[in-house]
file data_2.cif (mmCIF, C-alpha atoms)
data_work
#
loop_
_atom_site.label_atom_id
_atom_site.label_comp_id
_atom_site.auth_asym_id
_atom_site.auth_seq_id
_atom_site.Cartn_x
_atom_site.Cartn_y
_atom_site.Cartn_z
CA MET A 1 104.56 22.39 78.78
CA LYS A 2 101.48 23.59 76.89
CA ILE A 3 100.29 27.07 76.13
CA ASP A 4 96.92 27.89 77.69
CA HIS A 5 96.39 31.34 76.25
CA ILE A 6 98.03 34.47 74.90
CA GLY A 7 97.12 37.73 76.67
CA LEU A 8 96.56 40.83 74.55
CA ALA A 9 96.32 44.32 76.05
CA VAL A 10 93.64 46.42 74.34
CA ASN A 11 92.27 49.92 74.85
CA ASN A 12 88.68 48.85 74.42
CA LEU A 13 87.36 45.32 74.72
CA GLU A 14 84.29 45.88 72.55
CA ASP A 15 86.34 47.32 69.68
CA ALA A 16 88.85 44.48 69.89
CA VAL A 17 86.07 41.86 69.95
CA LYS A 18 84.54 43.42 66.82
CA MET A 19 87.95 43.31 65.14
CA TYR A 20 88.43 39.57 65.91
CA GLU A 21 84.90 38.84 64.69
CA LYS A 22 85.73 40.57 61.41
CA LEU A 23 89.25 39.10 61.18
CA PHE A 24 88.66 35.42 61.93
CA GLU A 25 84.87 35.13 62.39
CA VAL A 26 85.35 34.14 66.03
CA THR A 27 83.33 35.21 69.07
CA PRO A 28 84.35 35.29 72.75
CA PHE A 29 83.01 32.47 74.93
CA HIS A 30 83.46 34.25 78.26
CA PHE A 31 83.52 37.80 79.65
CA GLU A 32 84.68 38.61 83.17
CA GLU A 33 85.71 41.57 85.29
CA ILE A 34 88.59 40.92 87.71
CA ALA A 35 88.26 43.75 90.21
CA THR A 36 91.45 42.88 92.14
CA GLN A 37 93.50 43.30 88.96
CA LYS A 38 91.51 46.28 87.67
CA VAL A 39 90.81 44.66 84.33
CA LYS A 40 87.98 43.22 82.33
CA VAL A 41 88.76 40.37 80.01
CA CYS A 42 87.22 38.06 77.46
CA PHE A 43 88.42 34.81 75.95
CA ILE A 44 88.33 33.66 72.35
CA GLN A 45 89.02 30.03 71.49
CA MET A 46 91.56 29.61 68.67
CA GLY A 47 92.05 25.88 68.05
CA ASP A 48 93.43 24.41 71.28
CA GLN A 49 94.54 27.81 72.55
CA LYS A 50 92.75 30.88 73.72
CA LEU A 51 93.31 34.57 73.24
CA GLU A 52 92.62 36.66 76.34
CA LEU A 53 91.73 40.26 75.50
CA ILE A 54 92.38 42.54 78.47
CA GLU A 55 91.19 46.09 79.07
CA ALA A 56 92.19 48.20 82.09
CA THR A 57 89.29 49.44 84.22
CA GLU A 58 91.42 51.95 86.20
CA GLU A 59 94.42 54.15 85.45
CA ASP A 60 96.51 52.34 88.07
CA SER A 61 95.86 48.96 86.43
CA PRO A 62 99.02 47.19 85.21
CA ILE A 63 97.38 46.94 81.78
CA TYR A 64 96.87 50.71 81.64
CA LYS A 65 100.55 51.23 82.46
CA PHE A 66 101.62 48.61 79.92
CA ILE A 67 99.67 50.31 77.12
CA GLN A 68 100.98 53.75 78.12
CA LYS A 69 104.54 52.40 77.81
CA LYS A 70 104.38 49.95 74.91
CA GLY A 71 101.04 50.48 73.21
CA GLU A 72 98.28 47.94 72.63
CA GLY A 73 99.41 44.44 71.72
CA LEU A 74 100.91 41.20 72.95
CA HIS A 75 101.07 41.18 76.75
CA HIS A 76 101.80 37.67 78.08
CA ILE A 77 101.93 33.94 77.39
CA ALA A 78 100.19 31.65 79.89
CA TYR A 79 101.37 28.06 80.29
CA LYS A 80 99.19 25.31 81.78
CA VAL A 81 100.59 23.66 84.89
CA LYS A 82 99.12 20.91 87.05
CA ASP A 83 100.59 21.98 90.39
CA ILE A 84 101.29 25.69 90.44
CA TYR A 85 102.72 25.68 93.99
CA HIS A 86 105.30 23.09 92.99
CA GLU A 87 106.11 24.93 89.72
CA LEU A 88 106.66 28.23 91.53
CA GLU A 89 109.01 26.56 94.00
CA THR A 90 110.90 24.91 91.15
CA MET A 91 111.19 28.18 89.18
CA GLU A 92 112.45 30.05 92.21
CA ALA A 93 114.98 27.31 92.97
CA LYS A 94 116.25 27.64 89.38
CA GLY A 95 116.84 31.35 90.00
CA PHE A 96 113.88 32.86 88.16
CA ARG A 97 112.35 35.87 89.86
CA LEU A 98 108.62 35.70 90.45
CA ILE A 99 106.11 38.55 90.44
CA ASP A 100 103.69 36.34 92.39
CA ARG A 101 105.33 33.99 94.85
CA VAL A 102 101.87 32.88 95.93
CA PRO A 103 99.25 32.12 93.29
CA ARG A 104 96.17 34.30 93.08
CA LEU A 105 92.76 33.80 91.56
CA GLY A 106 92.58 34.80 87.90
CA ALA A 107 89.93 34.64 85.21
CA LEU A 108 87.92 31.42 84.76
CA ASN A 109 88.60 30.63 88.43
CA LYS A 110 92.18 29.56 87.66
CA LEU A 111 95.13 29.85 89.99
CA ILE A 112 97.67 32.09 88.29
CA ALA A 113 101.11 33.54 88.95
CA PHE A 114 103.37 35.75 86.86
CA MET A 115 107.13 35.39 86.48
CA HIS A 116 109.40 38.41 86.11
CA PRO A 117 110.05 39.26 82.42
CA LYS A 118 113.59 40.44 83.22
CA ASP A 119 114.62 36.80 83.62
CA THR A 120 112.75 35.53 80.56
CA HIS A 121 114.09 37.74 77.75
CA GLY A 122 111.31 40.28 78.11
CA VAL A 123 108.43 37.80 77.88
CA LEU A 124 105.86 38.07 80.66
CA ILE A 125 105.07 34.43 81.50
CA GLU A 126 101.99 33.38 83.44
CA LEU A 127 101.66 29.95 84.98
CA CYS A 128 98.04 28.87 85.31
CA GLN A 129 96.34 25.94 86.90
CA SER A 130 92.75 25.03 86.20
CA GLN A 131 90.68 24.06 89.22
CA LEU A 132 88.47 21.95 86.94
CA ASP A 133 89.42 18.83 85.02
CA GLU A 134 90.46 19.96 81.54
CA MET B 1 91.96 29.33 62.85
CA LYS B 2 94.87 27.71 64.67
CA ILE B 3 98.02 29.25 66.06
CA ASP B 4 101.18 27.91 64.43
CA HIS B 5 103.75 29.71 66.54
CA ILE B 6 104.51 32.74 68.69
CA GLY B 7 107.50 34.84 67.60
CA LEU B 8 109.82 36.21 70.30
CA ALA B 9 112.45 38.87 69.57
CA VAL B 10 115.68 38.21 71.46
CA ASN B 11 119.08 39.91 71.62
CA ASN B 12 120.99 36.65 71.50
CA LEU B 13 119.65 33.31 70.30
CA GLU B 14 122.10 31.19 72.29
CA ASP B 15 121.30 32.95 75.56
CA ALA B 16 117.56 32.65 74.96
CA VAL B 17 117.88 28.95 74.10
CA LYS B 18 119.78 28.37 77.34
CA MET B 19 117.05 30.18 79.25
CA TYR B 20 114.28 28.00 77.73
CA GLU B 21 116.29 24.86 78.45
CA LYS B 22 116.55 25.93 82.09
CA LEU B 23 112.94 27.18 82.29
CA PHE B 24 111.00 24.32 80.71
CA GLU B 25 113.65 21.70 79.87
CA VAL B 26 112.94 22.11 76.15
CA THR B 27 115.41 22.18 73.26
CA PRO B 28 115.00 23.73 69.80
CA PHE B 29 114.30 21.31 66.95
CA HIS B 30 115.45 23.60 64.13
CA PHE B 31 117.90 26.48 63.57
CA GLU B 32 117.87 28.60 60.42
CA GLU B 33 119.25 31.86 59.08
CA ILE B 34 116.89 33.84 56.84
CA ALA B 35 119.22 36.20 55.00
CA THR B 36 116.44 38.12 53.21
CA GLN B 37 114.95 39.11 56.58
CA LYS B 38 118.32 39.61 58.29
CA VAL B 39 117.46 37.25 61.12
CA LYS B 40 118.42 33.91 62.51
CA VAL B 41 115.74 31.87 64.21
CA CYS B 42 115.13 28.66 66.06
CA PHE B 43 111.95 26.80 66.92
CA ILE B 44 110.95 25.14 70.16
CA GLN B 45 107.94 22.81 70.27
CA MET B 46 105.55 23.59 73.15
CA GLY B 47 102.64 21.16 72.97
CA ASP B 48 100.91 21.72 69.62
CA GLN B 49 102.46 25.15 69.24
CA LYS B 50 105.92 26.41 68.60
CA LEU B 51 107.93 29.30 69.93
CA GLU B 52 110.10 31.01 67.30
CA LEU B 53 113.09 32.79 68.84
CA ILE B 54 114.37 35.50 66.50
CA GLU B 55 117.68 37.38 66.59
CA ALA B 56 118.60 40.20 64.20
CA THR B 57 121.76 39.63 62.15
CA GLU B 58 122.03 43.26 60.96
CA GLU B 59 121.20 46.65 62.45
CA ASP B 60 118.68 47.35 59.69
CA SER B 61 116.78 44.16 60.46
CA PRO B 62 113.14 44.73 61.52
CA ILE B 63 113.90 42.71 64.67
CA TYR B 64 116.78 45.01 65.60
CA LYS B 65 114.47 48.02 65.22
CA PHE B 66 111.72 46.31 67.21
CA ILE B 67 114.05 45.61 70.13
CA GLN B 68 115.45 49.15 70.02
CA LYS B 69 111.90 50.50 70.33
CA LYS B 70 110.14 48.01 72.61
CA GLY B 71 112.83 45.77 74.10
CA GLU B 72 113.12 42.01 73.86
CA GLY B 73 109.87 40.07 74.07
CA LEU B 74 106.69 39.04 72.31
CA HIS B 75 106.90 39.94 68.62
CA HIS B 76 104.13 38.23 66.61
CA ILE B 77 101.49 35.50 66.48
CA ALA B 78 101.47 33.27 63.41
CA TYR B 79 98.23 31.59 62.33
CA LYS B 80 98.15 28.50 60.09
CA VAL B 81 96.28 28.93 56.82
CA LYS B 82 95.69 26.47 53.99
CA ASP B 83 95.61 28.94 51.11
CA ILE B 84 97.57 32.06 51.93
CA TYR B 85 96.83 33.78 48.60
CA HIS B 86 93.10 33.44 49.23
CA GLU B 87 93.43 34.59 52.88
CA LEU B 88 95.39 37.68 51.89
CA GLU B 89 92.74 38.61 49.32
CA THR B 90 90.00 38.08 51.89
CA MET B 91 91.79 40.16 54.55
CA GLU B 92 92.37 42.99 52.10
CA ALA B 93 88.73 42.89 50.99
CA LYS B 94 87.71 43.19 54.66
CA GLY B 95 89.79 46.36 54.92
CA PHE B 96 92.84 45.06 56.79
CA ARG B 97 96.13 46.56 55.67
CA LEU B 98 98.83 44.08 54.74
CA ILE B 99 102.57 44.44 55.16
CA ASP B 100 103.07 41.67 52.59
CA ARG B 101 100.49 41.65 49.81
CA VAL B 102 102.41 38.79 48.22
CA PRO B 103 103.62 35.90 50.41
CA ARG B 104 107.33 35.36 50.84
CA LEU B 105 109.40 32.40 51.92
CA GLY B 106 109.89 32.18 55.67
CA ALA B 107 111.52 29.71 58.01
CA LEU B 108 110.81 25.98 57.58
CA ASN B 109 110.10 26.68 53.91
CA LYS B 110 106.67 28.13 54.72
CA LEU B 111 104.87 30.82 52.77
CA ILE B 112 104.35 33.74 55.11
CA ALA B 113 102.82 37.21 55.09
CA PHE B 114 102.43 39.83 57.80
CA MET B 115 99.38 41.99 58.41
CA HIS B 116 99.69 45.58 59.63
CA PRO B 117 99.46 45.82 63.45
CA LYS B 118 97.70 49.19 63.23
CA ASP B 119 94.53 47.39 62.13
CA THR B 120 94.81 44.55 64.67
CA HIS B 121 95.06 46.41 68.00
CA GLY B 122 98.86 46.43 67.97
CA VAL B 123 99.31 42.70 67.40
CA LEU B 124 101.62 41.79 64.54
CA ILE B 125 99.85 38.85 62.86
CA GLU B 126 101.60 36.48 60.48
CA LEU B 127 99.68 34.15 58.21
CA CYS B 128 101.67 31.05 57.35
CA GLN B 129 101.11 28.16 55.01
CA SER B 130 103.10 24.98 55.18
CA GLN B 131 104.24 23.55 51.88
CA LEU B 132 104.29 20.07 53.44
CA ASP B 133 101.38 18.02 54.74
CA GLU B 134 101.03 18.82 58.45
#

call {"tool": "encode", "arguments": {"input": "data_2.cif", "output": "structure tokens"}}
result
Amino acid sequence: MKIDHIGLAVNNLEDAVKMYEKLFEVTPFHFEEIATQKVKVCFIQMGDQKLELIEATEEDSPIYKFIQKKGEGLHHIAYKVKDIYHELETMEAKGFRLIDRVPRLGALNKLIAFMHPKDTHGVLIELCQSQLDE
Amino acid sequence: MKIDHIGLAVNNLEDAVKMYEKLFEVTPFHFEEIATQKVKVCFIQMGDQKLELIEATEEDSPIYKFIQKKGEGLHHIAYKVKDIYHELETMEAKGFRLIDRVPRLGALNKLIAFMHPKDTHGVLIELCQSQLDE
């Protein structure tokens, strides 16, 4: 199992981008608004992995609620899978609770699904499947 | 800049290891107690990255305090550096506050230093330098 990206909740995408430019001299390769999830995101390549910076666009966005509760910072780890439908079935059969039993469309046109952090020692885990060859 | 590992704060190392074995069929390759930091840790290889599971061994351990405040979950991202002394100087010159101005010995005999999360949008960043060829 390989890590695809690490999601970071931020108050302001532009400020966070400036910070990463100053910190590591890296620039995002992609910006996107995901209206269904009430967020805007950007991705920064870090070696083989990516950081996903995520800003809430509405007060009822899960990211807004997360920051209200825990503050800005580490939000989720996304793992690459080849067949997300099969993985979700397997995880459920093993007794893991799923937030998304059916994958939905995430950033970069990937199929994504979140697992419930209560079963994974507080870590919000995303499974993500690229619809392109990677 | 490449990610070396993601640190996860857990209440109980054995329980968390069992969960990762069930979740991804992965087993830790290294267990270690770091008395100076009042933690015990283990590492799980996930592709090119590692997960570091961290349990507090004392109530005045930073990990104990972290879990009391935020609950179990994502704790830090560690980035590989080749010359940690130089990186720390550079980060300080750029205005980033450091938790460790002088590197200390971490798990796997690496030189490590933490940066202050207040300057990095709530993300606790570790810089780590291997003392072996990697």

call {"tool": "atom_distance", "arguments": {"input": "data_2.cif", "atom1": "CA of Ala93 in chain B", "atom2": "CA of Phe24 in chain A"}}
result
13.2 Å

call {"tool": "resolve_selection", "arguments": {"input": "data_2.cif", "expression": "the PyMOL selection byres ((chain A and resi 31) around 10)", "output": "compact mmCIF listing (two decimals) with C-alpha atoms, in the frame of the given file"}}
result
# COMPACT_ATOMS: atom_id res chain seq x y z
CA LEU A 13 87.36 45.32 74.72
CA PRO A 28 84.35 35.29 72.75
CA PHE A 29 83.01 32.47 74.93
CA HIS A 30 83.46 34.25 78.26
CA GLU A 32 84.68 38.61 83.17
CA GLU A 33 85.71 41.57 85.29
CA LYS A 40 87.98 43.22 82.33
CA VAL A 41 88.76 40.37 80.01
CA CYS A 42 87.22 38.06 77.46
CA PHE A 43 88.42 34.81 75.95
CA ILE A 44 88.33 33.66 72.35
CA GLU A 52 92.62 36.66 76.34
CA LEU A 53 91.73 40.26 75.50
CA ALA A 107 89.93 34.64 85.21
CA LEU A 108 87.92 31.42 84.76

call {"tool": "atom_distance", "arguments": {"input": "data_2.cif", "atom1": "CA of His86 in chain A", "atom2": "CA of Ser61 in chain A"}}
result
28.3 Å

call {"tool": "closest_residue", "arguments": {"input": "data_2.cif", "among": "A:Val39, A:Glu25, A:Glu72, A:Ile77", "to": "His5 in chain B", "atoms": "all atoms listed in the file"}}
result
A:Ile77

call {"tool": "calpha_fit_and_write", "arguments": {"input": "data_2.cif", "fixed": "chain B", "moving": "chain A", "output": "PDB file with C-alpha atoms, in the coordinates of the input"}}
result
ATOM      1  CA  MET A   1      91.962  29.337  62.830  1.00  0.00           C
ATOM      2  CA  LYS A   2      94.881  27.725  64.667  1.00  0.00           C
ATOM      3  CA  ILE A   3      98.018  29.245  66.066  1.00  0.00           C
ATOM      4  CA  ASP A   4     101.193  27.924  64.442  1.00  0.00           C
ATOM      5  CA  HIS A   5     103.763  29.713  66.551  1.00  0.00           C
ATOM      6  CA  ILE A   6     104.520  32.742  68.688  1.00  0.00           C
ATOM      7  CA  GLY A   7     107.518  34.845  67.603  1.00  0.00           C
ATOM      8  CA  LEU A   8     109.819  36.217  70.294  1.00  0.00           C
ATOM      9  CA  ALA A   9     112.451  38.872  69.579  1.00  0.00           C
ATOM     10  CA  VAL A  10     115.690  38.207  71.472  1.00  0.00           C
ATOM     11  CA  ASN A  11     119.081  39.899  71.625  1.00  0.00           C
ATOM     12  CA  ASN A  12     120.989  36.649  71.503  1.00  0.00           C
ATOM     13  CA  LEU A  13     119.639  33.320  70.327  1.00  0.00           C
ATOM     14  CA  GLU A  14     122.101  31.197  72.298  1.00  0.00           C
ATOM     15  CA  ASP A  15     121.298  32.962  75.577  1.00  0.00           C
ATOM     16  CA  ALA A  16     117.564  32.658  74.965  1.00  0.00           C
ATOM     17  CA  VAL A  17     117.881  28.951  74.097  1.00  0.00           C
ATOM     18  CA  LYS A  18     119.788  28.358  77.351  1.00  0.00           C
ATOM     19  CA  MET A  19     117.046  30.185  79.250  1.00  0.00           C
ATOM     20  CA  TYR A  20     114.263  28.009  77.725  1.00  0.00           C
ATOM     21  CA  GLU A  21     116.286  24.868  78.450  1.00  0.00           C
ATOM     22  CA  LYS A  22     116.546  25.937  82.088  1.00  0.00           C
ATOM     23  CA  LEU A  23     112.940  27.186  82.289  1.00  0.00           C
ATOM     24  CA  PHE A  24     110.987  24.335  80.705  1.00  0.00           C
ATOM     25  CA  GLU A  25     113.639  21.702  79.872  1.00  0.00           C
ATOM     26  CA  VAL A  26     112.934  22.113  76.158  1.00  0.00           C
ATOM     27  CA  THR A  27     115.402  22.193  73.265  1.00  0.00           C
ATOM     28  CA  PRO A  28     115.013  23.735  69.792  1.00  0.00           C
ATOM     29  CA  PHE A  29     114.311  21.310  66.942  1.00  0.00           C
ATOM     30  CA  HIS A  30     115.448  23.606  64.133  1.00  0.00           C
ATOM     31  CA  PHE A  31     117.889  26.480  63.563  1.00  0.00           C
ATOM     32  CA  GLU A  32     117.869  28.600  60.417  1.00  0.00           C
ATOM     33  CA  GLU A  33     119.261  31.860  59.092  1.00  0.00           C
ATOM     34  CA  ILE A  34     116.901  33.846  56.843  1.00  0.00           C
ATOM     35  CA  ALA A  35     119.245  36.189  55.003  1.00  0.00           C
ATOM     36  CA  THR A  36     116.467  38.118  53.209  1.00  0.00           C
ATOM     37  CA  GLN A  37     114.958  39.089  56.566  1.00  0.00           C
ATOM     38  CA  LYS A  38     118.309  39.603  58.302  1.00  0.00           C
ATOM     39  CA  VAL A  39     117.463  37.251  61.135  1.00  0.00           C
ATOM     40  CA  LYS A  40     118.428  33.901  62.523  1.00  0.00           C
ATOM     41  CA  VAL A  41     115.753  31.883  64.222  1.00  0.00           C
ATOM     42  CA  CYS A  42     115.136  28.653  66.064  1.00  0.00           C
ATOM     43  CA  PHE A  43     111.952  26.807  66.923  1.00  0.00           C
ATOM     44  CA  ILE A  44     110.945  25.140  70.163  1.00  0.00           C
ATOM     45  CA  GLN A  45     107.941  22.825  70.264  1.00  0.00           C
ATOM     46  CA  MET A  46     105.540  23.603  73.130  1.00  0.00           C
ATOM     47  CA  GLY A  47     102.638  21.136  72.958  1.00  0.00           C
ATOM     48  CA  ASP A  48     100.911  21.715  69.614  1.00  0.00           C
ATOM     49  CA  GLN A  49     102.464  25.156  69.218  1.00  0.00           C
ATOM     50  CA  LYS A  50     105.936  26.406  68.600  1.00  0.00           C
ATOM     51  CA  LEU A  51     107.940  29.303  69.921  1.00  0.00           C
ATOM     52  CA  GLU A  52     110.109  31.010  67.306  1.00  0.00           C
ATOM     53  CA  LEU A  53     113.096  32.798  68.834  1.00  0.00           C
ATOM     54  CA  ILE A  54     114.388  35.506  66.501  1.00  0.00           C
ATOM     55  CA  GLU A  55     117.687  37.373  66.593  1.00  0.00           C
ATOM     56  CA  ALA A  56     118.610  40.204  64.204  1.00  0.00           C
ATOM     57  CA  THR A  57     121.766  39.620  62.158  1.00  0.00           C
ATOM     58  CA  GLU A  58     122.030  43.261  60.964  1.00  0.00           C
ATOM     59  CA  GLU A  59     121.212  46.665  62.430  1.00  0.00           C
ATOM     60  CA  ASP A  60     118.681  47.342  59.665  1.00  0.00           C
ATOM     61  CA  SER A  61     116.769  44.141  60.464  1.00  0.00           C
ATOM     62  CA  PRO A  62     113.145  44.720  61.532  1.00  0.00           C
ATOM     63  CA  ILE A  63     113.901  42.698  64.672  1.00  0.00           C
ATOM     64  CA  TYR A  64     116.780  45.014  65.589  1.00  0.00           C
ATOM     65  CA  LYS A  65     114.472  48.017  65.219  1.00  0.00           C
ATOM     66  CA  PHE A  66     111.716  46.308  67.207  1.00  0.00           C
ATOM     67  CA  ILE A  67     114.055  45.607  70.134  1.00  0.00           C
ATOM     68  CA  GLN A  68     115.464  49.150  70.026  1.00  0.00           C
ATOM     69  CA  LYS A  69     111.901  50.494  70.335  1.00  0.00           C
ATOM     70  CA  LYS A  70     110.139  48.007  72.605  1.00  0.00           C
ATOM     71  CA  GLY A  71     112.821  45.786  74.089  1.00  0.00           C
ATOM     72  CA  GLU A  72     113.122  42.009  73.862  1.00  0.00           C
ATOM     73  CA  GLY A  73     109.874  40.070  74.077  1.00  0.00           C
ATOM     74  CA  LEU A  74     106.708  39.031  72.301  1.00  0.00           C
ATOM     75  CA  HIS A  75     106.900  39.954  68.616  1.00  0.00           C
ATOM     76  CA  HIS A  76     104.133  38.231  66.618  1.00  0.00           C
ATOM     77  CA  ILE A  77     101.491  35.509  66.483  1.00  0.00           C
ATOM     78  CA  ALA A  78     101.465  33.264  63.404  1.00  0.00           C
ATOM     79  CA  TYR A  79      98.232  31.580  62.331  1.00  0.00           C
ATOM     80  CA  LYS A  80      98.140  28.493  60.095  1.00  0.00           C
ATOM     81  CA  VAL A  81      96.268  28.931  56.830  1.00  0.00           C
ATOM     82  CA  LYS A  82      95.707  26.464  54.004  1.00  0.00           C
ATOM     83  CA  ASP A  83      95.616  28.937  51.117  1.00  0.00           C
ATOM     84  CA  ILE A  84      97.576  32.058  51.939  1.00  0.00           C
ATOM     85  CA  TYR A  85      96.813  33.781  48.608  1.00  0.00           C
ATOM     86  CA  HIS A  86      93.090  33.437  49.233  1.00  0.00           C
ATOM     87  CA  GLU A  87      93.439  34.573  52.883  1.00  0.00           C
ATOM     88  CA  LEU A  88      95.386  37.687  51.892  1.00  0.00           C
ATOM     89  CA  GLU A  89      92.743  38.604  49.326  1.00  0.00           C
ATOM     90  CA  THR A  90      90.000  38.065  51.897  1.00  0.00           C
ATOM     91  CA  MET A  91      91.798  40.157  54.552  1.00  0.00           C
ATOM     92  CA  GLU A  92      92.370  42.992  52.123  1.00  0.00           C
ATOM     93  CA  ALA A  93      88.734  42.893  51.000  1.00  0.00           C
ATOM     94  CA  LYS A  94      87.708  43.190  54.670  1.00  0.00           C
ATOM     95  CA  GLY A  95      89.798  46.362  54.929  1.00  0.00           C
ATOM     96  CA  PHE A  96      92.840  45.062  56.796  1.00  0.00           C
ATOM     97  CA  ARG A  97      96.124  46.559  55.671  1.00  0.00           C
ATOM     98  CA  LEU A  98      98.823  44.080  54.743  1.00  0.00           C
ATOM     99  CA  ILE A  99     102.581  44.435  55.162  1.00  0.00           C
ATOM    100  CA  ASP A 100     103.065  41.673  52.577  1.00  0.00           C
ATOM    101  CA  ARG A 101     100.493  41.630  49.812  1.00  0.00           C
ATOM    102  CA  VAL A 102     102.407  38.769  48.224  1.00  0.00           C
ATOM    103  CA  PRO A 103     103.616  35.903  50.401  1.00  0.00           C
ATOM    104  CA  ARG A 104     107.332  35.357  50.820  1.00  0.00           C
ATOM    105  CA  LEU A 105     109.394  32.395  51.898  1.00  0.00           C
ATOM    106  CA  GLY A 106     109.882  32.187  55.659  1.00  0.00           C
ATOM    107  CA  ALA A 107     111.509  29.718  58.013  1.00  0.00           C
ATOM    108  CA  LEU A 108     110.812  25.985  57.575  1.00  0.00           C
ATOM    109  CA  ASN A 109     110.094  26.678  53.893  1.00  0.00           C
ATOM    110  CA  LYS A 110     106.665  28.134  54.712  1.00  0.00           C
ATOM    111  CA  LEU A 111     104.872  30.817  52.762  1.00  0.00           C
ATOM    112  CA  ILE A 112     104.340  33.735  55.121  1.00  0.00           C
ATOM    113  CA  ALA A 113     102.816  37.206  55.089  1.00  0.00           C
ATOM    114  CA  PHE A 114     102.438  39.830  57.797  1.00  0.00           C
ATOM    115  CA  MET A 115      99.381  41.997  58.407  1.00  0.00           C
ATOM    116  CA  HIS A 116      99.682  45.581  59.621  1.00  0.00           C
ATOM    117  CA  PRO A 117      99.454  45.813  63.449  1.00  0.00           C
ATOM    118  CA  LYS A 118      97.687  49.189  63.231  1.00  0.00           C
ATOM    119  CA  ASP A 119      94.532  47.370  62.134  1.00  0.00           C
ATOM    120  CA  THR A 120      94.809  44.549  64.671  1.00  0.00           C
ATOM    121  CA  HIS A 121      95.051  46.402  68.000  1.00  0.00           C
ATOM    122  CA  GLY A 122      98.834  46.437  67.969  1.00  0.00           C
ATOM    123  CA  VAL A 123      99.293  42.700  67.405  1.00  0.00           C
ATOM    124  CA  LEU A 124     101.613  41.787  64.543  1.00  0.00           C
ATOM    125  CA  ILE A 125      99.843  38.850  62.863  1.00  0.00           C
ATOM    126  CA  GLU A 126     101.588  36.473  60.485  1.00  0.00           C
ATOM    127  CA  LEU A 127      99.677  34.146  58.210  1.00  0.00           C
ATOM    128  CA  CYS A 128     101.666  31.035  57.344  1.00  0.00           C
ATOM    129  CA  GLN A 129     101.106  28.162  55.013  1.00  0.00           C
ATOM    130  CA  SER A 130     103.098  24.967  55.189  1.00  0.00           C
ATOM    131  CA  GLN A 131     104.241  23.557  51.865  1.00  0.00           C
ATOM    132  CA  LEU A 132     104.277  20.081  53.431  1.00  0.00           C
ATOM    133  CA  ASP A 133     101.330  18.071  54.696  1.00  0.00           C
ATOM    134  CA  GLU A 134     101.017  18.809  58.415  1.00  0.00           C
TER     135      GLU A 134
END

call {"tool": "resolve_selection", "arguments": {"input": "data_2.cif", "expression": "the PyMOL selection byres ((chain A and resi 95) around 12)", "output": "list in words"}}
result
Leu88, Glu89, Thr90, Met91, Glu92, Ala93, Lys94, Phe96, Arg97, Leu98, Met115, His116, Lys118, Asp119 and Thr120 of chain A; Met19, Lys22 and Leu23 of chain B

call {"tool": "interface_residues", "arguments": {"input": "data_2.cif", "of": "chain B", "to": "chain A", "cutoff": "8 Å", "atoms": "all atoms listed in the file", "output": "list in words"}}
result
Met1, Lys2, Ile3, Leu8, Val10, Ala16, Met19, Lys22, Leu23, Phe24, Met46, Gly47, Asp48, Gln49, Lys70, Gly71, Glu72, Gly73, Leu74, His75, His76, Met91, Lys94, Thr120, His121, Gly122, Val123 and Leu124 of chain B

call {"tool": "write_last_selection", "arguments": {"input": "data_2.cif", "atoms": "C-alpha atoms", "output": "PDB file, in the coordinates of the input"}}
result
ATOM      1  CA  MET B   1      91.960  29.330  62.850  1.00  0.00           C
ATOM      2  CA  LYS B   2      94.870  27.710  64.670  1.00  0.00           C
ATOM      3  CA  ILE B   3      98.020  29.250  66.060  1.00  0.00           C
ATOM      4  CA  LEU B   8     109.820  36.210  70.300  1.00  0.00           C
ATOM      5  CA  VAL B  10     115.680  38.210  71.460  1.00  0.00           C
ATOM      6  CA  ALA B  16     117.560  32.650  74.960  1.00  0.00           C
ATOM      7  CA  MET B  19     117.050  30.180  79.250  1.00  0.00           C
ATOM      8  CA  LYS B  22     116.550  25.930  82.090  1.00  0.00           C
ATOM      9  CA  LEU B  23     112.940  27.180  82.290  1.00  0.00           C
ATOM     10  CA  PHE B  24     111.000  24.320  80.710  1.00  0.00           C
ATOM     11  CA  MET B  46     105.550  23.590  73.150  1.00  0.00           C
ATOM     12  CA  GLY B  47     102.640  21.160  72.970  1.00  0.00           C
ATOM     13  CA  ASP B  48     100.910  21.720  69.620  1.00  0.00           C
ATOM     14  CA  GLN B  49     102.460  25.150  69.240  1.00  0.00           C
ATOM     15  CA  LYS B  70     110.140  48.010  72.610  1.00  0.00           C
ATOM     16  CA  GLY B  71     112.830  45.770  74.100  1.00  0.00           C
ATOM     17  CA  GLU B  72     113.120  42.010  73.860  1.00  0.00           C
ATOM     18  CA  GLY B  73     109.870  40.070  74.070  1.00  0.00           C
ATOM     19  CA  LEU B  74     106.690  39.040  72.310  1.00  0.00           C
ATOM     20  CA  HIS B  75     106.900  39.940  68.620  1.00  0.00           C
ATOM     21  CA  HIS B  76     104.130  38.230  66.610  1.00  0.00           C
ATOM     22  CA  MET B  91      91.790  40.160  54.550  1.00  0.00           C
ATOM     23  CA  LYS B  94      87.710  43.190  54.660  1.00  0.00           C
ATOM     24  CA  THR B 120      94.810  44.550  64.670  1.00  0.00           C
ATOM     25  CA  HIS B 121      95.060  46.410  68.000  1.00  0.00           C
ATOM     26  CA  GLY B 122      98.860  46.430  67.970  1.00  0.00           C
ATOM     27  CA  VAL B 123      99.310  42.700  67.400  1.00  0.00           C
ATOM     28  CA  LEU B 124     101.620  41.790  64.540  1.00  0.00           C
TER      29      LEU B 124
END

call {"tool": "axis_aligned_box", "arguments": {"input": "data_2.cif", "around": "range 129-133 of chain B", "padding_each_side": "8 Å", "output": "AutoDock Vina command-line options"}}
result
--center_x 102.7 --center_y 23.1 --center_z 53.5 --size_x 19.2 --size_y 26.1 --size_z 19.3

call {"tool": "resolve_selection", "arguments": {"input": "data_2.cif", "expression": "the PyMOL selection byres ((chain A and resi 129) around 10)", "output": "JSON, numbers by chain"}}
result
{"A": [4, 78, 79, 80, 81, 82, 83, 84, 85, 103, 105, 106, 109, 110, 111, 112, 113, 126, 127, 128, 130, 131, 132, 134]}
